[in-house]
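**Q** Structure supplied as entry10.cif; contents: mmCIF, C-alpha atoms.
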```cif
data_upload
loop_
_atom_site.label_atom_id
_atom_site.label_comp_id
_atom_site.auth_asym_id
_atom_site.auth_seq_id
_atom_site.Cartn_x
_atom_site.Cartn_y
_atom_site.Cartn_z
CA MET A 1 -26.63 -27.19 -23.96
CA LYS A 2 -29.20 -25.28 -26.01
CA ASP A 3 -31.68 -25.65 -23.15
CA LEU A 4 -29.34 -23.87 -20.77
CA ILE A 5 -29.37 -20.77 -22.98
CA LYS A 6 -33.15 -20.89 -23.38
CA ASP A 7 -33.71 -21.50 -19.65
CA THR A 8 -31.34 -18.73 -18.63
CA ILE A 9 -32.84 -16.14 -20.99
CA GLY A 10 -36.30 -17.26 -19.82
CA LYS A 11 -35.30 -16.82 -16.18
CA ILE A 12 -33.82 -13.39 -16.86
CA LYS A 13 -37.06 -12.28 -18.52
CA LYS A 14 -39.41 -13.94 -16.03
CA GLU A 15 -37.64 -12.60 -12.96
CA HIS A 16 -37.00 -9.21 -14.59
CA ILE A 17 -33.29 -9.54 -13.93
CA GLU A 18 -31.41 -6.53 -15.23
CA PRO A 19 -27.76 -5.46 -15.37
CA GLU A 20 -26.89 -3.52 -12.22
CA SER A 21 -26.66 0.23 -12.61
CA LYS A 22 -23.37 1.50 -13.94
CA TRP A 23 -23.43 4.22 -11.28
CA LYS A 24 -23.28 1.70 -8.46
CA TYR A 25 -20.25 0.13 -10.07
CA LEU A 26 -18.55 3.47 -10.72
CA ILE A 27 -19.18 4.64 -7.15
CA ARG A 28 -17.62 1.40 -5.87
CA LYS A 29 -14.71 1.62 -8.30
CA TYR A 30 -13.86 5.28 -7.74
CA GLY A 31 -14.70 4.99 -4.04
CA MET A 32 -11.72 2.64 -3.73
CA TRP A 33 -9.46 5.13 -5.49
CA PHE A 34 -10.87 7.94 -3.37
CA LEU A 35 -10.01 5.97 -0.23
CA PHE A 36 -6.52 5.40 -1.61
CA GLY A 37 -6.25 9.15 -2.27
CA MET A 38 -7.37 9.91 1.29
CA ILE A 39 -4.76 7.53 2.69
CA VAL A 40 -2.09 9.29 0.62
CA VAL A 41 -3.35 12.67 1.89
CA PHE A 42 -3.08 11.46 5.51
CA GLY A 43 0.36 10.06 4.73
CA ALA A 44 1.34 13.43 3.25
CA MET A 45 0.08 15.24 6.36
CA SER A 46 2.26 12.95 8.48
CA PHE A 47 5.18 13.54 6.12
CA SER A 48 4.84 17.33 6.30
CA SER A 49 4.64 17.15 10.11
CA ALA A 50 7.75 14.97 10.25
CA TYR A 51 9.50 17.21 7.74
CA TYR A 52 8.67 20.27 9.81
CA LEU A 53 10.21 18.68 12.91
CA LEU A 54 13.24 17.35 11.03
CA ALA A 55 13.86 20.74 9.44
CA SER A 56 13.41 22.76 12.60
CA LEU A 57 15.41 20.64 15.04
CA ASP A 58 19.10 21.25 15.64
CA TRP A 59 20.89 18.02 14.87
CA ASP A 60 24.37 19.08 15.96
CA LEU A 61 23.61 19.47 19.64
CA TYR A 62 25.02 16.01 20.35
CA ARG A 63 28.40 17.74 20.63
CA PHE A 64 27.15 19.56 23.70
CA VAL A 65 25.47 16.64 25.45
CA HIS A 66 28.37 14.20 25.26
CA SER A 67 26.60 11.95 22.80
CA ASN A 68 27.41 10.75 19.30
CA ARG A 69 25.59 11.95 16.20
CA LEU A 70 23.68 8.70 15.64
CA GLY A 71 22.63 8.30 19.25
CA TYR A 72 21.43 11.88 19.46
CA SER A 73 19.63 11.71 16.11
CA LEU A 74 17.83 8.57 17.22
CA SER A 75 16.79 10.27 20.45
CA ILE A 76 15.07 13.16 18.67
CA PHE A 77 13.82 11.36 15.54
CA PRO A 78 10.06 11.85 14.98
CA TYR A 79 9.14 8.18 15.39
CA PHE A 80 5.47 8.93 15.87
CA TRP A 81 5.14 10.37 12.38
CA ALA A 82 7.45 7.75 10.88
CA VAL A 83 5.20 4.99 12.27
CA LEU A 84 2.09 6.78 10.97
CA ILE A 85 3.66 7.16 7.51
CA SER A 86 4.49 3.43 7.49
CA ILE A 87 0.92 2.55 8.51
CA PHE A 88 -0.52 4.77 5.78
CA MET A 89 1.85 3.25 3.21
CA LEU A 90 0.76 -0.23 4.20
CA ALA A 91 -2.91 0.78 4.08
CA ALA A 92 -2.35 2.38 0.66
CA PHE A 93 -0.77 -0.86 -0.59
CA PHE A 94 -3.75 -2.98 0.45
CA GLU A 95 -6.21 -0.36 -0.78
CA ILE A 96 -4.64 -0.17 -4.24
CA ARG A 97 -4.61 -3.98 -4.42
CA LYS A 98 -8.35 -3.96 -3.65
CA THR A 99 -9.13 -1.75 -6.65
CA GLU A 100 -10.42 -3.32 -9.86
CA THR A 101 -7.01 -3.30 -11.57
CA GLY A 102 -4.78 -3.16 -8.48
CA TYR A 103 -3.48 -6.70 -8.93
CA ARG A 104 -1.73 -5.60 -12.12
CA PHE A 105 0.57 -3.21 -10.26
CA SER A 106 3.87 -4.62 -9.06
CA LEU A 107 4.97 -4.10 -5.49
CA LEU A 108 7.63 -1.63 -6.68
CA LYS A 109 5.13 0.34 -8.74
CA ILE A 110 2.69 0.59 -5.83
CA PHE A 111 5.54 1.62 -3.52
CA LEU A 112 6.73 4.31 -5.95
CA ILE A 113 3.21 5.65 -6.58
CA THR A 114 2.45 5.78 -2.85
CA ILE A 115 5.74 7.19 -1.61
CA GLY A 116 5.89 9.60 -4.57
CA GLY A 117 2.37 10.86 -3.82
CA ILE A 118 3.11 11.22 -0.11
CA ILE A 119 6.40 13.07 -0.70
CA VAL A 120 5.11 15.45 -3.40
CA LEU A 121 1.91 16.26 -1.52
CA GLY A 122 3.75 16.38 1.82
CA LEU A 123 6.35 18.82 0.50
CA THR A 124 3.58 20.99 -0.97
CA MET A 125 1.88 21.03 2.45
CA SER A 126 5.19 21.90 4.08
CA PHE A 127 5.71 24.68 1.54
CA LEU A 128 2.28 26.02 2.53
CA GLY A 129 3.36 25.93 6.18
CA LEU A 130 0.92 23.22 7.22
CA GLY A 131 3.47 20.93 8.90
CA ASN A 132 3.59 22.95 12.10
CA ARG A 133 -0.20 23.24 12.16
CA PHE A 134 -0.61 19.46 11.89
CA ASN A 135 1.85 19.02 14.76
CA MET A 136 -0.07 21.46 16.91
CA MET A 137 -3.39 19.81 16.02
CA MET A 138 -1.98 16.43 16.98
CA ALA A 139 -0.54 17.81 20.24
CA GLU A 140 -3.94 19.28 21.13
CA GLY A 141 -5.95 16.28 20.01
CA VAL A 142 -3.64 13.68 21.52
CA PRO A 143 -2.20 15.15 24.73
CA TYR A 144 0.08 12.13 25.23
CA TYR A 145 1.81 12.96 21.94
CA GLY A 146 2.31 16.61 22.96
CA GLN A 147 3.59 15.73 26.42
CA HIS A 148 5.74 12.66 25.81
CA MET A 149 6.40 12.05 22.14
CA MET A 150 6.76 15.37 20.39
CA VAL A 151 10.34 16.60 20.23
CA THR A 152 10.20 20.09 18.79
CA LYS A 153 12.58 22.93 18.39
CA GLU A 154 10.80 24.54 21.35
CA SER A 155 11.24 21.51 23.63
CA GLN A 156 14.82 21.12 22.45
CA TRP A 157 15.58 24.72 23.47
CA SER A 158 13.58 24.79 26.70
CA ASN A 159 16.20 22.77 28.48
CA PRO A 160 18.48 25.09 30.48
CA GLN A 161 19.70 22.28 32.74
CA GLU A 162 21.12 20.55 29.64
CA GLY A 163 22.51 23.87 28.45
CA PHE A 164 19.92 24.86 25.82
CA LEU A 165 17.86 27.98 26.21
CA ALA A 166 15.84 30.13 23.83
CA GLY A 167 13.84 33.28 24.19
CA LYS A 168 13.15 36.86 23.27
CA ILE A 169 15.70 39.55 24.07
CA ILE A 170 14.36 42.13 26.51
CA THR A 171 17.54 44.12 27.12
CA SER A 172 21.01 43.76 25.72
CA SER A 173 24.52 45.02 26.48
CA SER A 174 27.99 43.90 25.53
CA ASP A 175 28.32 41.51 28.47
CA GLU A 176 24.75 40.66 29.47
CA MET A 177 21.27 40.14 28.09
CA LYS A 178 17.89 39.72 29.68
CA ILE A 179 15.59 37.33 27.91
CA THR A 180 12.16 35.83 28.41
CA ASP A 181 12.28 32.13 27.65
CA LEU A 182 9.65 30.10 25.82
CA ASN A 183 7.79 29.49 29.09
CA GLY A 184 7.72 33.20 29.93
CA LYS A 185 10.45 33.00 32.58
CA SER A 186 13.11 35.76 32.77
CA TRP A 187 16.82 34.95 32.52
CA ASN A 188 20.02 36.93 32.83
CA VAL A 189 22.31 35.68 30.11
CA LEU A 190 25.98 36.39 30.68
CA LEU A 191 28.27 36.89 27.69
CA SER A 192 32.04 36.55 27.71
CA GLU A 193 34.83 37.22 25.25
CA THR A 194 34.66 33.64 24.12
CA THR A 195 30.90 33.63 23.48
CA LEU A 196 30.34 32.64 19.89
CA ILE A 197 27.69 34.65 18.10
CA ARG A 198 26.60 33.22 14.77
CA PRO A 199 26.59 35.85 11.99
CA LYS A 200 22.90 35.40 11.28
CA ALA A 201 21.98 35.81 14.93
CA ASN A 202 20.44 39.22 15.44
CA VAL A 203 20.88 40.08 19.08
CA SER A 204 18.78 43.22 19.07
CA VAL A 205 16.00 43.80 21.57
CA GLY A 206 12.82 41.96 20.57
CA GLN A 207 14.63 39.25 18.57
CA MET A 208 14.31 35.52 19.23
CA ILE A 209 17.58 33.68 19.81
CA LYS A 210 18.84 30.24 20.82
CA ILE A 211 21.58 30.03 23.42
CA ILE A 212 23.97 27.20 24.23
CA GLY A 213 25.72 27.44 27.56
CA LYS A 214 25.44 26.53 31.19
CA SER A 215 22.80 27.25 33.77
CA LEU A 216 24.48 28.93 36.74
CA SER A 217 21.35 29.38 38.83
CA SER A 218 17.59 29.30 38.38
CA SER A 219 17.71 32.63 36.53
CA THR A 220 21.30 33.04 35.33
CA PHE A 221 22.73 31.43 32.23
CA GLN A 222 26.30 31.61 30.94
CA ALA A 223 26.21 31.72 27.13
CA THR A 224 28.89 30.00 25.08
CA GLU A 225 27.09 30.26 21.73
CA ILE A 226 24.21 32.29 20.36
CA ARG A 227 22.28 31.19 17.30
CA PRO A 228 19.43 32.75 15.33
CA TRP A 229 16.01 31.28 16.14
CA MET A 230 15.12 30.69 12.52
CA GLY A 231 16.83 28.76 9.76
CA GLY A 232 19.78 26.58 8.95
CA ASN A 233 18.99 23.61 11.16
CA MET A 234 18.32 20.61 8.92
CA MET A 235 20.78 17.88 9.67
CA GLY A 236 23.88 19.95 8.99
CA GLY A 237 23.68 21.95 12.18
CA ASP A 238 25.28 24.97 10.58
CA SER A 239 22.79 27.11 12.47
CA GLY A 240 23.44 30.39 10.87
CA GLY A 241 26.45 30.11 8.67
CA GLN A 242 30.01 30.94 9.51
CA ALA A 243 30.68 31.73 13.11
CA CYS A 244 30.98 35.27 14.30
CA MET A 245 33.90 34.74 16.59
CA SER A 246 33.10 36.64 19.75
CA VAL A 247 31.26 39.51 21.32
CA GLN A 248 34.33 41.61 20.75
CA THR A 249 34.21 41.22 16.97
CA ASP A 250 32.05 43.01 14.48
CA CYS A 251 28.86 41.13 15.22
CA PRO A 252 25.22 42.26 15.03
CA MET A 253 25.29 42.70 18.77
CA GLN A 254 27.97 45.33 18.61
CA LYS A 255 26.15 47.18 15.87
CA LYS A 256 23.26 47.83 18.14
CA MET B 1 -20.62 -16.69 -41.46
CA SER B 2 -23.64 -15.19 -39.69
CA GLU B 3 -23.63 -11.60 -38.48
CA GLU B 4 -23.75 -12.75 -34.84
CA ASN B 5 -20.55 -14.72 -35.25
CA VAL B 6 -18.53 -11.75 -36.47
CA ARG B 7 -19.74 -9.43 -33.74
CA SER B 8 -17.14 -8.78 -31.04
CA ASP B 9 -17.77 -9.65 -27.40
CA ALA B 10 -17.89 -5.94 -26.58
CA ASP B 11 -20.61 -5.40 -29.22
CA LEU B 12 -22.63 -8.31 -27.89
CA ILE B 13 -22.32 -6.96 -24.34
CA GLU B 14 -23.72 -3.61 -25.42
CA LEU B 15 -26.57 -5.30 -27.29
CA SER B 16 -27.28 -7.65 -24.35
CA LYS B 17 -27.81 -4.69 -22.04
CA LYS B 18 -30.79 -3.68 -24.18
CA ASP B 19 -32.01 -7.09 -25.26
CA PRO B 20 -31.52 -10.25 -23.11
CA GLU B 21 -31.93 -12.40 -26.24
CA MET B 22 -28.58 -11.10 -27.47
CA PHE B 23 -27.02 -12.39 -24.26
CA GLY B 24 -27.81 -15.85 -25.59
CA LEU B 25 -25.19 -15.30 -28.29
CA LEU B 26 -22.55 -14.57 -25.67
CA MET B 27 -23.66 -17.63 -23.72
CA GLU B 28 -23.34 -19.74 -26.85
CA ARG B 29 -19.73 -18.60 -27.24
CA TYR B 30 -18.66 -19.28 -23.68
CA GLN B 31 -20.88 -22.03 -22.29
CA GLY B 32 -18.50 -24.76 -23.50
CA PRO B 33 -15.28 -23.36 -21.99
CA LEU B 34 -17.03 -22.34 -18.76
CA PHE B 35 -18.76 -25.71 -18.45
CA HIS B 36 -15.41 -27.51 -18.71
CA TYR B 37 -13.78 -25.03 -16.31
CA ILE B 38 -16.45 -25.73 -13.68
CA ARG B 39 -16.22 -29.48 -14.37
CA ARG B 40 -12.45 -29.45 -13.91
CA LEU B 41 -12.67 -27.59 -10.64
CA THR B 42 -15.56 -29.51 -9.10
CA GLN B 43 -16.71 -33.06 -8.67
CA LEU B 44 -20.26 -32.23 -9.63
CA GLY B 45 -22.40 -34.11 -12.10
CA SER B 46 -23.49 -32.63 -15.40
CA ASP B 47 -26.85 -31.35 -14.09
CA ASP B 48 -25.27 -29.64 -11.10
CA ILE B 49 -22.63 -28.09 -13.34
CA GLN B 50 -25.41 -26.78 -15.60
CA ASP B 51 -27.15 -25.26 -12.54
CA LEU B 52 -23.91 -23.61 -11.43
CA LEU B 53 -23.27 -22.44 -14.97
CA GLN B 54 -26.70 -20.85 -15.17
CA GLU B 55 -26.04 -18.99 -11.93
CA VAL B 56 -22.69 -17.86 -13.32
CA PHE B 57 -24.32 -16.57 -16.53
CA ILE B 58 -26.97 -14.71 -14.56
CA LYS B 59 -24.20 -13.10 -12.49
CA ILE B 60 -22.38 -12.18 -15.68
CA TYR B 61 -25.60 -10.64 -17.02
CA GLN B 62 -26.13 -8.65 -13.82
CA LYS B 63 -22.55 -7.38 -13.94
CA LEU B 64 -22.49 -6.45 -17.65
CA ASN B 65 -22.01 -2.78 -16.75
CA GLU B 66 -18.89 -3.68 -14.79
CA TYR B 67 -17.10 -5.21 -17.75
CA ASP B 68 -13.80 -3.46 -18.40
CA GLU B 69 -12.78 -3.65 -22.06
CA GLU B 70 -9.11 -3.78 -21.04
CA LEU B 71 -9.76 -7.40 -20.06
CA LYS B 72 -10.59 -10.27 -22.37
CA PHE B 73 -14.24 -11.11 -21.90
CA SER B 74 -13.29 -14.74 -21.37
CA SER B 75 -10.94 -13.83 -18.49
CA TRP B 76 -13.66 -11.72 -16.91
CA ALA B 77 -16.21 -14.53 -17.29
CA TYR B 78 -13.77 -17.08 -15.84
CA ARG B 79 -13.19 -14.71 -12.90
CA ILE B 80 -16.92 -14.57 -12.14
CA ALA B 81 -17.11 -18.35 -12.46
CA HIS B 82 -14.07 -18.77 -10.17
CA ASN B 83 -15.62 -16.52 -7.49
CA HIS B 84 -18.97 -18.25 -7.82
CA ILE B 85 -17.44 -21.70 -7.40
CA ILE B 86 -15.54 -20.57 -4.29
CA ASP B 87 -18.76 -19.07 -2.87
CA HIS B 88 -20.71 -22.21 -3.73
CA PHE B 89 -18.33 -24.53 -1.92
CA ARG B 90 -18.12 -22.15 1.01
CA LYS B 91 -21.92 -22.24 1.28
CA VAL B 92 -22.25 -26.00 1.07
CA GLY B 93 -19.21 -26.44 3.30
CA ALA B 94 -17.53 -28.92 1.00
CA ARG B 95 -14.13 -29.08 -0.62
CA PRO B 96 -14.08 -29.06 -4.44
CA GLN B 97 -12.54 -32.19 -5.92
CA THR B 98 -10.70 -32.51 -9.19
CA ASN B 99 -11.15 -36.18 -10.00
CA SER B 100 -13.59 -35.26 -12.74
CA LEU B 101 -10.65 -34.47 -15.01
CA GLU B 102 -10.31 -36.59 -18.13
CA ASP B 103 -7.22 -38.78 -18.36
CA TYR B 104 -5.59 -36.57 -21.01
CA GLU B 105 -6.16 -33.58 -18.69
CA TRP B 106 -4.46 -35.31 -15.77
CA GLU B 107 -1.54 -36.18 -17.99
CA LYS B 108 -1.10 -32.54 -18.95
CA ILE B 109 -0.65 -31.56 -15.30
CA ILE B 110 1.58 -34.55 -14.57
CA SER B 111 3.89 -33.95 -17.53
CA ALA B 112 4.14 -30.25 -16.67
CA SER B 113 5.17 -31.08 -13.12
CA VAL B 114 7.22 -34.25 -13.40
CA HIS B 115 10.06 -35.05 -15.76
CA ILE B 116 8.78 -38.03 -17.76
CA GLU B 117 11.25 -40.09 -19.72
CA LYS B 118 8.84 -42.72 -20.97
CA GLU B 119 6.33 -41.73 -23.58
CA ILE B 120 3.49 -43.86 -22.35
CA ILE B 121 2.44 -43.23 -18.81
CA ASN B 122 1.47 -46.27 -16.79
CA LYS B 123 -2.27 -46.16 -15.95
CA ASP B 124 -1.72 -47.25 -12.36
CA CYS B 125 0.88 -44.58 -11.97
CA VAL B 126 -1.49 -41.93 -13.29
CA GLU B 127 -4.07 -43.05 -10.72
CA LYS B 128 -1.52 -42.64 -7.91
CA VAL B 129 -0.48 -39.20 -9.12
CA LYS B 130 -4.13 -38.17 -9.37
CA GLY B 131 -4.36 -38.82 -5.64
CA CYS B 132 -1.39 -36.55 -5.01
CA ILE B 133 -2.89 -33.77 -7.15
CA GLU B 134 -6.19 -34.08 -5.29
CA GLN B 135 -4.35 -33.53 -2.03
CA LEU B 136 -3.08 -30.16 -3.21
CA PRO B 137 -4.88 -27.12 -1.77
CA LEU B 138 -7.45 -25.63 -4.18
CA LYS B 139 -5.35 -22.54 -4.92
CA TYR B 140 -2.56 -24.73 -6.37
CA ARG B 141 -4.86 -27.19 -8.13
CA GLU B 142 -6.81 -24.39 -9.80
CA VAL B 143 -3.75 -22.57 -11.06
CA LEU B 144 -2.28 -25.83 -12.43
CA ILE B 145 -5.56 -26.54 -14.24
CA LEU B 146 -5.73 -23.02 -15.68
CA ARG B 147 -2.13 -23.14 -16.86
CA PHE B 148 -1.70 -26.70 -18.07
CA VAL B 149 -5.21 -27.95 -18.85
CA GLN B 150 -6.93 -24.77 -20.00
CA GLU B 151 -3.52 -23.69 -21.41
CA LEU B 152 -4.08 -20.05 -20.50
CA GLU B 153 -1.36 -17.39 -20.55
CA TYR B 154 -0.07 -15.91 -17.28
CA GLU B 155 -1.82 -12.60 -18.02
CA GLU B 156 -5.17 -14.34 -18.38
CA ILE B 157 -4.66 -16.27 -15.14
CA MET B 158 -3.76 -12.97 -13.45
CA ASP B 159 -7.03 -11.46 -14.65
CA ILE B 160 -9.09 -14.48 -13.58
CA LEU B 161 -7.61 -14.82 -10.11
CA LYS B 162 -7.00 -11.06 -9.66
CA LYS B 163 -3.49 -11.82 -8.49
CA PRO B 164 -0.18 -10.19 -9.55
CA LYS B 165 1.90 -12.02 -12.15
CA GLY B 166 4.60 -12.88 -9.60
CA THR B 167 2.01 -14.48 -7.33
CA VAL B 168 0.61 -16.54 -10.21
CA ALA B 169 4.12 -17.75 -11.11
CA THR B 170 4.79 -18.57 -7.45
CA LEU B 171 1.53 -20.51 -7.13
CA ILE B 172 2.34 -22.55 -10.24
CA ASN B 173 5.88 -23.35 -9.08
CA ARG B 174 4.82 -24.14 -5.53
CA GLY B 175 1.97 -26.30 -6.84
CA LYS B 176 4.43 -28.29 -8.97
CA ASP B 177 6.93 -28.55 -6.10
CA LEU B 178 4.23 -29.66 -3.70
CA LEU B 179 3.07 -32.30 -6.14
CA VAL B 180 6.60 -33.68 -6.53
CA ARG B 181 7.03 -33.66 -2.74
CA ASN B 182 3.71 -35.51 -2.25
CA MET B 183 4.84 -38.10 -4.79
CA LYS B 184 8.18 -38.57 -3.04
CA GLU B 185 6.48 -38.93 0.34
CA GLN B 186 4.19 -41.61 -1.10
CA LYS B 187 7.15 -43.21 -2.87
CA ILE B 188 5.59 -42.88 -6.31
CA ASN B 189 8.39 -43.34 -8.79
CA CYS B 190 6.85 -45.06 -11.74
CA PHE B 191 7.87 -42.83 -14.67
#
```
I'd like the structure from this file rewritten - as structure tokens, please.

**A**
Amino acid sequence: MKDLIKDTIGKIKKEHIEPESKWKYLIRKYGMWFLFGMIVVFGAMSFSSAYYLLASLDWDLYRFVHSNRLGYSLSIFPYFWAVLISIFMLAAFFEIRKTETGYRFSLLKIFLITIGGIIVLGLTMSFLGLGNRFNMMMAEGVPYYGQHMMVTKESQWSNPQEGFLAGKIITSSSDEMKITDLNGKSWNVLLSETTLIRPKANVSVGQMIKIIGKSLSSSTFQATEIRPWMGGNMMGGDSGGQACMSVQTDCPMQKK
Amino acid sequence: MSEENVRSDADLIELSKKDPEMFGLLMERYQGPLFHYIRRLTQLGSDDIQDLLQEVFIKIYQKLNEYDEELKFSSWAYRIAHNHIIDHFRKVGARPQTNSLEDYEWEKIISASVHIEKEIINKDCVEKVKGCIEQLPLKYREVLILRFVQELEYEEIMDILKKPKGTVATLINRGKDLLVRNMKEQKINCF
């Protein structure tokens, strides 16, 4: 046994074997954590994109398309981002396990660290307004996503045949409005006594609005409900608070 | 007690980085346990084990800057030995055997896995059970050796194999179950 020690020390000296540089090790070690961090960042970008879509879509429209809440929600759910988030979570799990001490983390701990990081960072990105930008970048970079997979507020409200229209008010009177829709097409929107105007909907010239109703021709739309373009959409479908009962009541439209 | 004997592993590692002679003191501490670890996992003769052990110590020396003081040095050294053995057998394209265990070492695995009512185990029976243990895949054999022959704690096995605690526990239980199943299949019922 003594010879082994002597031989080994002799070999180390003779062959000038030296401990590998600490830098190499640290680069490898922190490189793994950096990769993990990058995966979480990409997961957070996906989360903020999904959050943007979830928050901007109107989830109560199922009532107008003869569907149930679950069926409609499933039809507009941002699966693309959900799949990406799942992939990033899986990648983060394997990446953390590949780190020097990763094997010491339980599955639950890794899950909580990863999902916590993705949610916190994703919400921060959403707060900074990056969710929409990521969606646009993806739509430009991956045309298939933009054309077939992305369900946005805009696509949801560019559907006059289904009864959903949105646009900017060009002219407005008590029984009719002219609007330019999101594709730049002009529409005459007819209002009736039963048209519901949400209190937060500002129907002044130049304002963006969402309209639920029925397409009467290629340029005429009968409105049954008018909602503000911004706000109040997430899941609840309140879309602007308590209803302003009709065009005859004291609504923003009449104040004009 | 000499000064070298009271120095901690961490101190000796720091000294070894500057002076290879000091690495000899670390080798002196761990050559015995590592020699037996390699012997238990392989079917190699003493000279081949010494060659493997030297390669393991040189790897340890080269990786001294990677040592993380959160680990026990022994666990870290066993880990390097474990990886080196796996690499070695991958290179030579052979399957490591475990029949180089001493009889008392076999008995430790057998009594941990099988309920034994009799105090003295029949020699023939031990031979038959050895065969069943040898049929176990390496991952189960190794974990049974670490736990019941080396008598290491779960945490140390975790650090050596770089596997989560739950996985280590599962490997041990599956290894024991597989051993009992092998024995049943071969109708070994001599305890």

**Q** To one decimal place, how far is CA of Asp181 (chain A) from CA of Arg63 (chain A) in Å?

**A**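 Spanning CA of Asp181 (chain A) to CA of Arg63 (chain A) is a straight-line distance of 22.7 Å.
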
**Q** Quick one: which residues end up in the PyMOL selection byres ((chain A) within 6 of (chain B)) for this structure, as a list of chain:residue names?

**A**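 So the PyMOL selection byres ((chain A) within 6 of (chain B)), applied here, picks out A:Ile5, A:Glu18, A:Pro19, A:Glu20, A:Lys22, A:Tyr103, A:Arg104.
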
**Q** Around (32.4, 40.9, 28.8) in the file's frame, which residues reach within 9 Å when counting all atoms listed in the file? Return as a ChimeraX atom specification?

**A** /A:174-176,190-194,247-248

**Q** Go through B:Lys108, B:Asp47, B:Leu178, B:Arg29 one by one, measure the shortest atom-to-atom distance of each to Glu151 (chain B) using only C-alpha atoms, and give the residue with the smallest value.

**A**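 Closest candidate: B:Lys108.
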
**Q** What do you get, as an MDAnalysis selection string, if you spell out every residue that the PyMOL selection byres ((chain A and resi 115) around 12) selects here?

**A** chainID A and resid 39:41 43:44 47 85:86 88:90 92:93 107:114 116:123

**Q** When you look at region 52-57 of chain A with a cut-off of 10 Å (counting all atoms listed in the file), what residues show up, excluding the ones that are within fewer than 5 positions of it in the same chain? I need them as a count of residues only.

**A** 33

**Q** Give me the residues near Gln135 (chain B) as a list in words, where near means some atom within 10 Å (using only C-alpha atoms) and where sequence neighbours in that chain fewer than 4 positions away do not count.

**A**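 The residues satisfying every condition are Gln97, Thr98, Val129, Lys130, Gly131, Tyr140, Arg141, Leu178, Leu179 and Asn182 of chain B.
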
**Q** How many Å separate CA of Glu134 (chain B) from CA of Trp76 (chain B)?

**A** 26.3 Å

**Q** Evaluate the PyMOL selection byres ((chain A and resi 205) around 8) against this structure - the residues, as number ranges by chain, please.

**A** A: 168-172, 203-204, 206-207

**Q** Identify, on the basis of only C-alpha atoms, every residue whose closest approach to His88 (chain B) does not exceed 12 Å; exclude the query and any residue fewer than 6 positions from it along the same chain; express the result as a ChimeraX atom specification.

**A** /B:38,41-42,44,48-49,51-53,55-56,80-82,94-96

**Q** Can you tell me how far CA of Tyr78 (chain B) sits from CA of Ile27 (chain A), in Å to one decimal?

**A**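 CA of Ile27 (chain A) lies 24.0 Å from CA of Tyr78 (chain B).
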